[in-house]
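Reviewing the structure listed below.
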Protein chains: 2
Amino acid sequence: MHISRNSFNSTFIFVAMDTKGILSHITRHVTLTPEEREFFTSLLIPVNVKQGDFVEQSGEVTTNFIHVNSGCLMTYFTDPSANDHVIQFSTAGWWTADLHSLTQNQSSIYSTRALADSEIFMLPKIRLEELVDRYPIFERFFRIMFQNSLVTHQQRIVQAFSFTAEQRYEYFQQKYPQLEQFVPLKYIASYLGITPEFLSKIRRKRMEK
Amino acid sequence: MHISRNSFNSTFIFVAMDTKGILSHITRHVTLTPEEREFFTSLLIPVNVKQGDFVEQSGEVTTNFIHVNSGCLMTYFTDPSANDHVIQFSTAGWWTADLHSLTQNQSSIYSTRALADSEIFMLPKIRLEELVDRYPIFERFFRIMFQNSLVTHQQRIVQAFSFTAEQRYEYFQQKYPQLEQFVPLKYIASYLGITPEFLSKIRRKRMEK
DNA sequence: CGTCTATTTGAATGTACTCAAAAGCGGTGG
DNA sequence: CCACCGCTTTTGAGTACATTCAAATAGACG
């Protein structure tokens with residue numbers, strides 16, 4: 001899998017970053033006291049990544065939850081035949097993490113890379129544990145977040161099995177209209193579970209209508 | 001979709017039921033005080049269902065979390081072409097719920113039925129809310145449960161897109177060896193996202209090896 | 001412009017589906 | 001106890017959806 005900038009950049013740029021976005025996403029689900037906000041934001045590690053940078057690499061043990069403040073990330077799985085399968089695109093407001101690697105301390109089978117220059121927050125697993133021990137309201141927040149994520153995952157499973165590729169593409173366009181603007185089609189094809197060639201044929205067919 | 005007993009049984013049988021199993025599943029993840037155990041079990045509604053009974057029906061708004069104490073349930077989705085797609089088999093120790101219907105108060109697109117005579121616990125949504133408000137330890141429990149469930153869901157998405165039907169069948173056999181003993185093949189085919197005819201052909205091919 | 005990658009096109013192929021029908025299997029009633 | 005019924009599973013032929021491979025075209029970037 002190649003993106004224009006394909007070097008692995010291990011020297012992330014740490015900068016001051018606005019926490020309004022992430023806090024507003026959280027307070028959509030739970031109410032925080034000033035103290036809770038303060039403590040939470042103190043745990044976040046702001047990182048600037050450039051297009052093509054790896055945020056996580058398969059084979060390593062994941063130690064961070066990641067929140068996208070701006071830009072766009074892509075998480076993908078490389079199968080034994082060296083084919084990549086995009087699992088998720090994460091735009092502003094989304095969280096991403098390999099929960100299996102994170103909870104079982106096993107090396108990850110997923111990689112996460114920046115599809116565009118992005119501002120992200122890293123929340124180390126051990127810090128999250130401190131956070132929820134101290135303020136159970138965050139336990140609730142993550143419970144709700146995982147709960148919502150499960151709904152989305154379940155819908156994707158249903159679709160994978162009951163929709164044709166063309167229907168999945170239509171659904172994708174409706175649900176993420178902004179993504180198609182700047183995500184290369186081959187990654188969208190991968191996300192839909194089809195080859196770039198076949199996506200191209202679907203697109204032509206739809207243009208002709 | 002037909003099971004031997006295909007009547008909708010709205011008169012569930014309420015009985016005394018052992019709460020040891022469900023408590024041990026919970027205390028695998030969190031530690032509970034006697035008071036917390038007591039309060040939690042007081043919220044559970046034990047129900048006995050017979051093979052073929054509906055536990056939840058699509059079109060209705062879901063109001064319960066369901067825990068399987070013994071037996072086996074199956075949750076499936078009926079698509080616009082009236083084809084059923086099995087989403088999950090739930091055996092002893094599993095939880096099941098349509099989180100979308102539950103959280104958004106919308107009518108469910110899933111149905112859940114008993115594949116065998118089963119003992120289940122119902123936990124009404126409003127009771128769960130009381131529970132987590134009063135004892136945040138349960139917030140943690142459900143956070144961990146959803147987190148683990150997400151791992152499984154993600155794996156299933158990866159498999160749907162990168163495995164052939166035969167590979168998915170092999171994985172299923174490894175992961176749920178007990179299920180194949182008594183679940184009709186057509187439901188297993190549905191779970192795997194293939195037709196019963198094709199599963200039959202896969203099985204013959206594997207027998208010949 | 002030249003190079004590199006992304007996208008499109010077309011032909012041949014493969015995986016899985018549809019439809020129709022036969023075979024297997026468990027229960028029920030005469 | 002056997003015959004019949006309803007449902008599940010198997011089989012086979014024809015078909016559709018999606019892939020592979022090879023090559024042409026289009027776009028982005030230096």
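Here, A, B, ... name the chains of the structure tokens in the order displayed, residue numbers run from 1 inside each chain, and ligands are numbered from 1 in the same displayed order.
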Give me, as a PyMOL selection string, all polymer residues having an atom no more than 12 Å from DA23 of chain D, counting only C-alpha atoms (C1' of nucleotides) and skipping those fewer than 6 positions away in the same chain. chain C and resi 8-11
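Residue-level contact on chain B: within 8 Å of chain D, counting only C-alpha atoms (C1' of nucleotides), the set is Pro184, Lys186, Glu197 and Ser200 of chain B.
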Resulting file, chosen residues, N, CA and C atoms, as a CSV table (one decimal), in the first residue's frame:
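Once written, part_29.csv looks like this:
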chain,number,residue,atom,x,y,z
B,184,PRO,N,-29.1,-26.2,13.0
B,184,PRO,CA,-29.3,-26.6,11.6
B,184,PRO,C,-28.4,-25.9,10.6
B,186,LYS,N,-28.6,-24.7,7.8
B,186,LYS,CA,-29.0,-23.5,7.0
B,186,LYS,C,-28.8,-22.3,7.8
B,197,GLU,N,-27.2,-24.3,0.0
B,197,GLU,CA,-26.7,-25.1,-1.1
B,197,GLU,C,-25.1,-25.0,-1.2
B,200,SER,N,-23.4,-26.8,1.7
B,200,SER,CA,-23.4,-28.2,1.4
B,200,SER,C,-22.3,-28.6,0.5
As a short mmCIF file (atom, residue, chain, number, x, y, z; two decimals) with N, CA and C atoms, in the first residue's frame, list the residues of segment 33-99 of chain B assigned to strand (DSSP E) by DSSP on the backbone atoms of this structure.
data_model
loop_
_atom_site.label_atom_id
_atom_site.label_comp_id
_atom_site.auth_asym_id
_atom_site.auth_seq_id
_atom_site.Cartn_x
_atom_site.Cartn_y
_atom_site.Cartn_z
N ILE B 45 -34.95 -10.38 35.31
CA ILE B 45 -36.21 -11.10 35.14
C ILE B 45 -35.90 -12.44 34.50
N PRO B 46 -36.03 -13.53 35.28
CA PRO B 46 -35.72 -14.85 34.70
C PRO B 46 -36.87 -15.31 33.82
N VAL B 47 -36.53 -15.87 32.66
CA VAL B 47 -37.55 -16.32 31.72
C VAL B 47 -37.13 -17.65 31.11
N ASN B 48 -38.08 -18.55 31.01
CA ASN B 48 -37.82 -19.82 30.33
C ASN B 48 -38.45 -19.76 28.94
N VAL B 49 -37.68 -20.03 27.92
CA VAL B 49 -38.25 -20.05 26.58
C VAL B 49 -38.04 -21.43 25.95
N PHE B 54 -40.00 -16.77 20.06
CA PHE B 54 -39.37 -15.47 19.84
C PHE B 54 -39.02 -14.85 21.18
N VAL B 55 -37.84 -14.26 21.28
CA VAL B 55 -37.45 -13.52 22.48
C VAL B 55 -37.62 -12.02 22.19
N GLU B 56 -37.28 -11.64 20.95
CA GLU B 56 -37.54 -10.28 20.48
C GLU B 56 -38.03 -10.41 19.05
N ASN B 64 -35.09 -4.55 26.43
CA ASN B 64 -34.31 -5.39 27.35
C ASN B 64 -32.92 -5.74 26.82
N PHE B 65 -31.99 -5.81 27.76
CA PHE B 65 -30.75 -6.54 27.53
C PHE B 65 -31.06 -7.98 27.90
N ILE B 66 -30.46 -8.92 27.18
CA ILE B 66 -30.75 -10.32 27.43
C ILE B 66 -29.46 -11.08 27.72
N HIS B 67 -29.50 -11.88 28.75
CA HIS B 67 -28.35 -12.73 29.08
C HIS B 67 -28.79 -14.18 29.01
N VAL B 68 -28.03 -15.01 28.33
CA VAL B 68 -28.39 -16.42 28.19
C VAL B 68 -27.75 -17.21 29.33
N ASN B 69 -28.60 -17.87 30.09
CA ASN B 69 -28.11 -18.67 31.22
C ASN B 69 -27.84 -20.11 30.79
N SER B 70 -28.74 -20.61 29.94
CA SER B 70 -28.52 -21.94 29.36
C SER B 70 -29.30 -22.01 28.06
N CYS B 72 -29.64 -21.78 23.83
CA CYS B 72 -29.02 -21.07 22.71
C CYS B 72 -30.03 -20.20 21.99
N LEU B 73 -29.67 -18.96 21.73
CA LEU B 73 -30.52 -18.05 20.96
C LEU B 73 -29.85 -17.71 19.64
N MET B 74 -30.66 -17.22 18.73
CA MET B 74 -30.15 -16.81 17.42
C MET B 74 -30.77 -15.46 17.08
N THR B 75 -29.94 -14.51 16.68
CA THR B 75 -30.44 -13.20 16.28
C THR B 75 -30.25 -13.05 14.78
N TYR B 76 -31.30 -12.64 14.08
CA TYR B 76 -31.19 -12.52 12.63
C TYR B 76 -31.89 -11.28 12.12
N PHE B 77 -31.50 -10.93 10.90
CA PHE B 77 -31.99 -9.73 10.24
C PHE B 77 -32.72 -10.16 8.98
N THR B 78 -33.89 -9.61 8.75
CA THR B 78 -34.63 -9.93 7.53
C THR B 78 -34.51 -8.77 6.55
N ASP B 84 -33.35 -13.97 5.31
CA ASP B 84 -32.85 -13.83 6.67
C ASP B 84 -31.33 -13.95 6.71
N HIS B 85 -30.74 -13.18 7.59
CA HIS B 85 -29.29 -13.23 7.77
C HIS B 85 -28.99 -13.36 9.26
N VAL B 86 -28.44 -14.49 9.66
CA VAL B 86 -28.13 -14.70 11.07
C VAL B 86 -26.93 -13.85 11.45
N ILE B 87 -27.10 -13.06 12.50
CA ILE B 87 -26.07 -12.14 12.96
C ILE B 87 -25.25 -12.76 14.06
N GLN B 88 -25.89 -13.53 14.92
CA GLN B 88 -25.23 -14.02 16.12
C GLN B 88 -25.94 -15.23 16.69
N PHE B 89 -25.15 -16.18 17.17
CA PHE B 89 -25.67 -17.24 18.02
C PHE B 89 -25.25 -16.90 19.44
N SER B 90 -26.14 -17.02 20.40
CA SER B 90 -25.80 -16.69 21.79
C SER B 90 -26.01 -17.90 22.68
N THR B 91 -24.91 -18.42 23.20
CA THR B 91 -25.01 -19.57 24.11
C THR B 91 -24.76 -19.09 25.54
N TRP B 95 -24.39 -12.18 26.18
CA TRP B 95 -25.41 -11.14 26.23
C TRP B 95 -25.85 -10.86 24.80
N THR B 96 -27.07 -10.44 24.65
CA THR B 96 -27.52 -10.00 23.33
C THR B 96 -28.54 -8.88 23.49
#
Please determine the contact residues of chain B with respect to chain C at a cut-off of 12 Å, counting only C-alpha atoms (C1' of nucleotides), and supply them as a PyMOL selection string. chain B and resi 4+163-166+193-199+201-202
Got time to write the residues from that selection, N, CA and C atoms, as a PDB file, in the first residue's frame?
ATOM      1  N   SER B   4     -39.120 -25.701  14.291  1.00  0.00           N
ATOM      2  CA  SER B   4     -40.199 -26.670  14.539  1.00  0.00           C
ATOM      3  C   SER B   4     -41.404 -26.036  15.260  1.00  0.00           C
ATOM      4  N   PHE B 163     -11.749 -13.372   3.693  1.00  0.00           N
ATOM      5  CA  PHE B 163     -11.765 -14.825   3.666  1.00  0.00           C
ATOM      6  C   PHE B 163     -12.763 -15.323   2.634  1.00  0.00           C
ATOM      7  N   THR B 164     -12.499 -16.485   2.064  1.00  0.00           N
ATOM      8  CA  THR B 164     -13.504 -17.129   1.220  1.00  0.00           C
ATOM      9  C   THR B 164     -14.514 -17.808   2.151  1.00  0.00           C
ATOM     10  N   ALA B 165     -15.636 -18.228   1.575  1.00  0.00           N
ATOM     11  CA  ALA B 165     -16.674 -18.891   2.361  1.00  0.00           C
ATOM     12  C   ALA B 165     -16.094 -20.115   3.078  1.00  0.00           C
ATOM     13  N   GLU B 166     -15.240 -20.843   2.395  1.00  0.00           N
ATOM     14  CA  GLU B 166     -14.667 -22.050   2.994  1.00  0.00           C
ATOM     15  C   GLU B 166     -13.797 -21.709   4.207  1.00  0.00           C
ATOM     16  N   GLY B 193     -22.885 -16.086   5.715  1.00  0.00           N
ATOM     17  CA  GLY B 193     -23.172 -15.212   4.578  1.00  0.00           C
ATOM     18  C   GLY B 193     -23.259 -15.959   3.261  1.00  0.00           C
ATOM     19  N   ILE B 194     -23.602 -17.233   3.290  1.00  0.00           N
ATOM     20  CA  ILE B 194     -23.725 -18.015   2.060  1.00  0.00           C
ATOM     21  C   ILE B 194     -25.062 -18.767   2.050  1.00  0.00           C
ATOM     22  N   THR B 195     -25.376 -19.395   0.913  1.00  0.00           N
ATOM     23  CA  THR B 195     -26.621 -20.157   0.814  1.00  0.00           C
ATOM     24  C   THR B 195     -26.398 -21.565   1.381  1.00  0.00           C
ATOM     25  N   PRO B 196     -27.468 -22.192   1.848  1.00  0.00           N
ATOM     26  CA  PRO B 196     -27.350 -23.569   2.353  1.00  0.00           C
ATOM     27  C   PRO B 196     -26.780 -24.505   1.284  1.00  0.00           C
ATOM     28  N   GLU B 197     -27.161 -24.286   0.033  1.00  0.00           N
ATOM     29  CA  GLU B 197     -26.658 -25.120  -1.060  1.00  0.00           C
ATOM     30  C   GLU B 197     -25.143 -25.034  -1.153  1.00  0.00           C
ATOM     31  N   PHE B 198     -24.645 -23.825  -1.040  1.00  0.00           N
ATOM     32  CA  PHE B 198     -23.202 -23.670  -1.189  1.00  0.00           C
ATOM     33  C   PHE B 198     -22.454 -24.255   0.009  1.00  0.00           C
ATOM     34  N   LEU B 199     -23.020 -24.108   1.195  1.00  0.00           N
ATOM     35  CA  LEU B 199     -22.384 -24.722   2.372  1.00  0.00           C
ATOM     36  C   LEU B 199     -22.321 -26.236   2.187  1.00  0.00           C
ATOM     37  N   LYS B 201     -22.070 -27.823  -0.540  1.00  0.00           N
ATOM     38  CA  LYS B 201     -21.001 -28.142  -1.499  1.00  0.00           C
ATOM     39  C   LYS B 201     -19.617 -28.019  -0.858  1.00  0.00           C
ATOM     40  N   ILE B 202     -19.452 -27.032   0.001  1.00  0.00           N
ATOM     41  CA  ILE B 202     -18.181 -26.881   0.720  1.00  0.00           C
ATOM     42  C   ILE B 202     -17.937 -28.112   1.594  1.00  0.00           C
TER      43      ILE B 202
END
Distance-based interface of chain B with chain A, 7 Å, counting only C-alpha atoms, as a list in words: Leu99, His100, Pro136, Glu139, Arg140, Phe142, Arg143, Phe146, Gln147, Leu150, Val151, His153, Ile157, Ala160, Phe161 and Gly193 of chain B
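Put simply, atom CA of Ala92 of chain B is 6.3 Å away from atom CA of Gly71 of chain B.
Reported to one decimal place, the separation of atom CA of Val30 of chain A from atom CA of Gln104 of chain B is 16.4 Å.
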Filtered DSSP result for chain A, state helix (DSSP H, G or I), as a VMD selection string: chain A and resid 20 to 26 34 to 43 99 to 104 125 to 134 136 to 162 165 to 175 179 to 182 185 to 192 196 to 208
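Interatomic distance, atom CA of Pro124 of chain A against atom CA of Thr63 of chain A: 5.8 Å.
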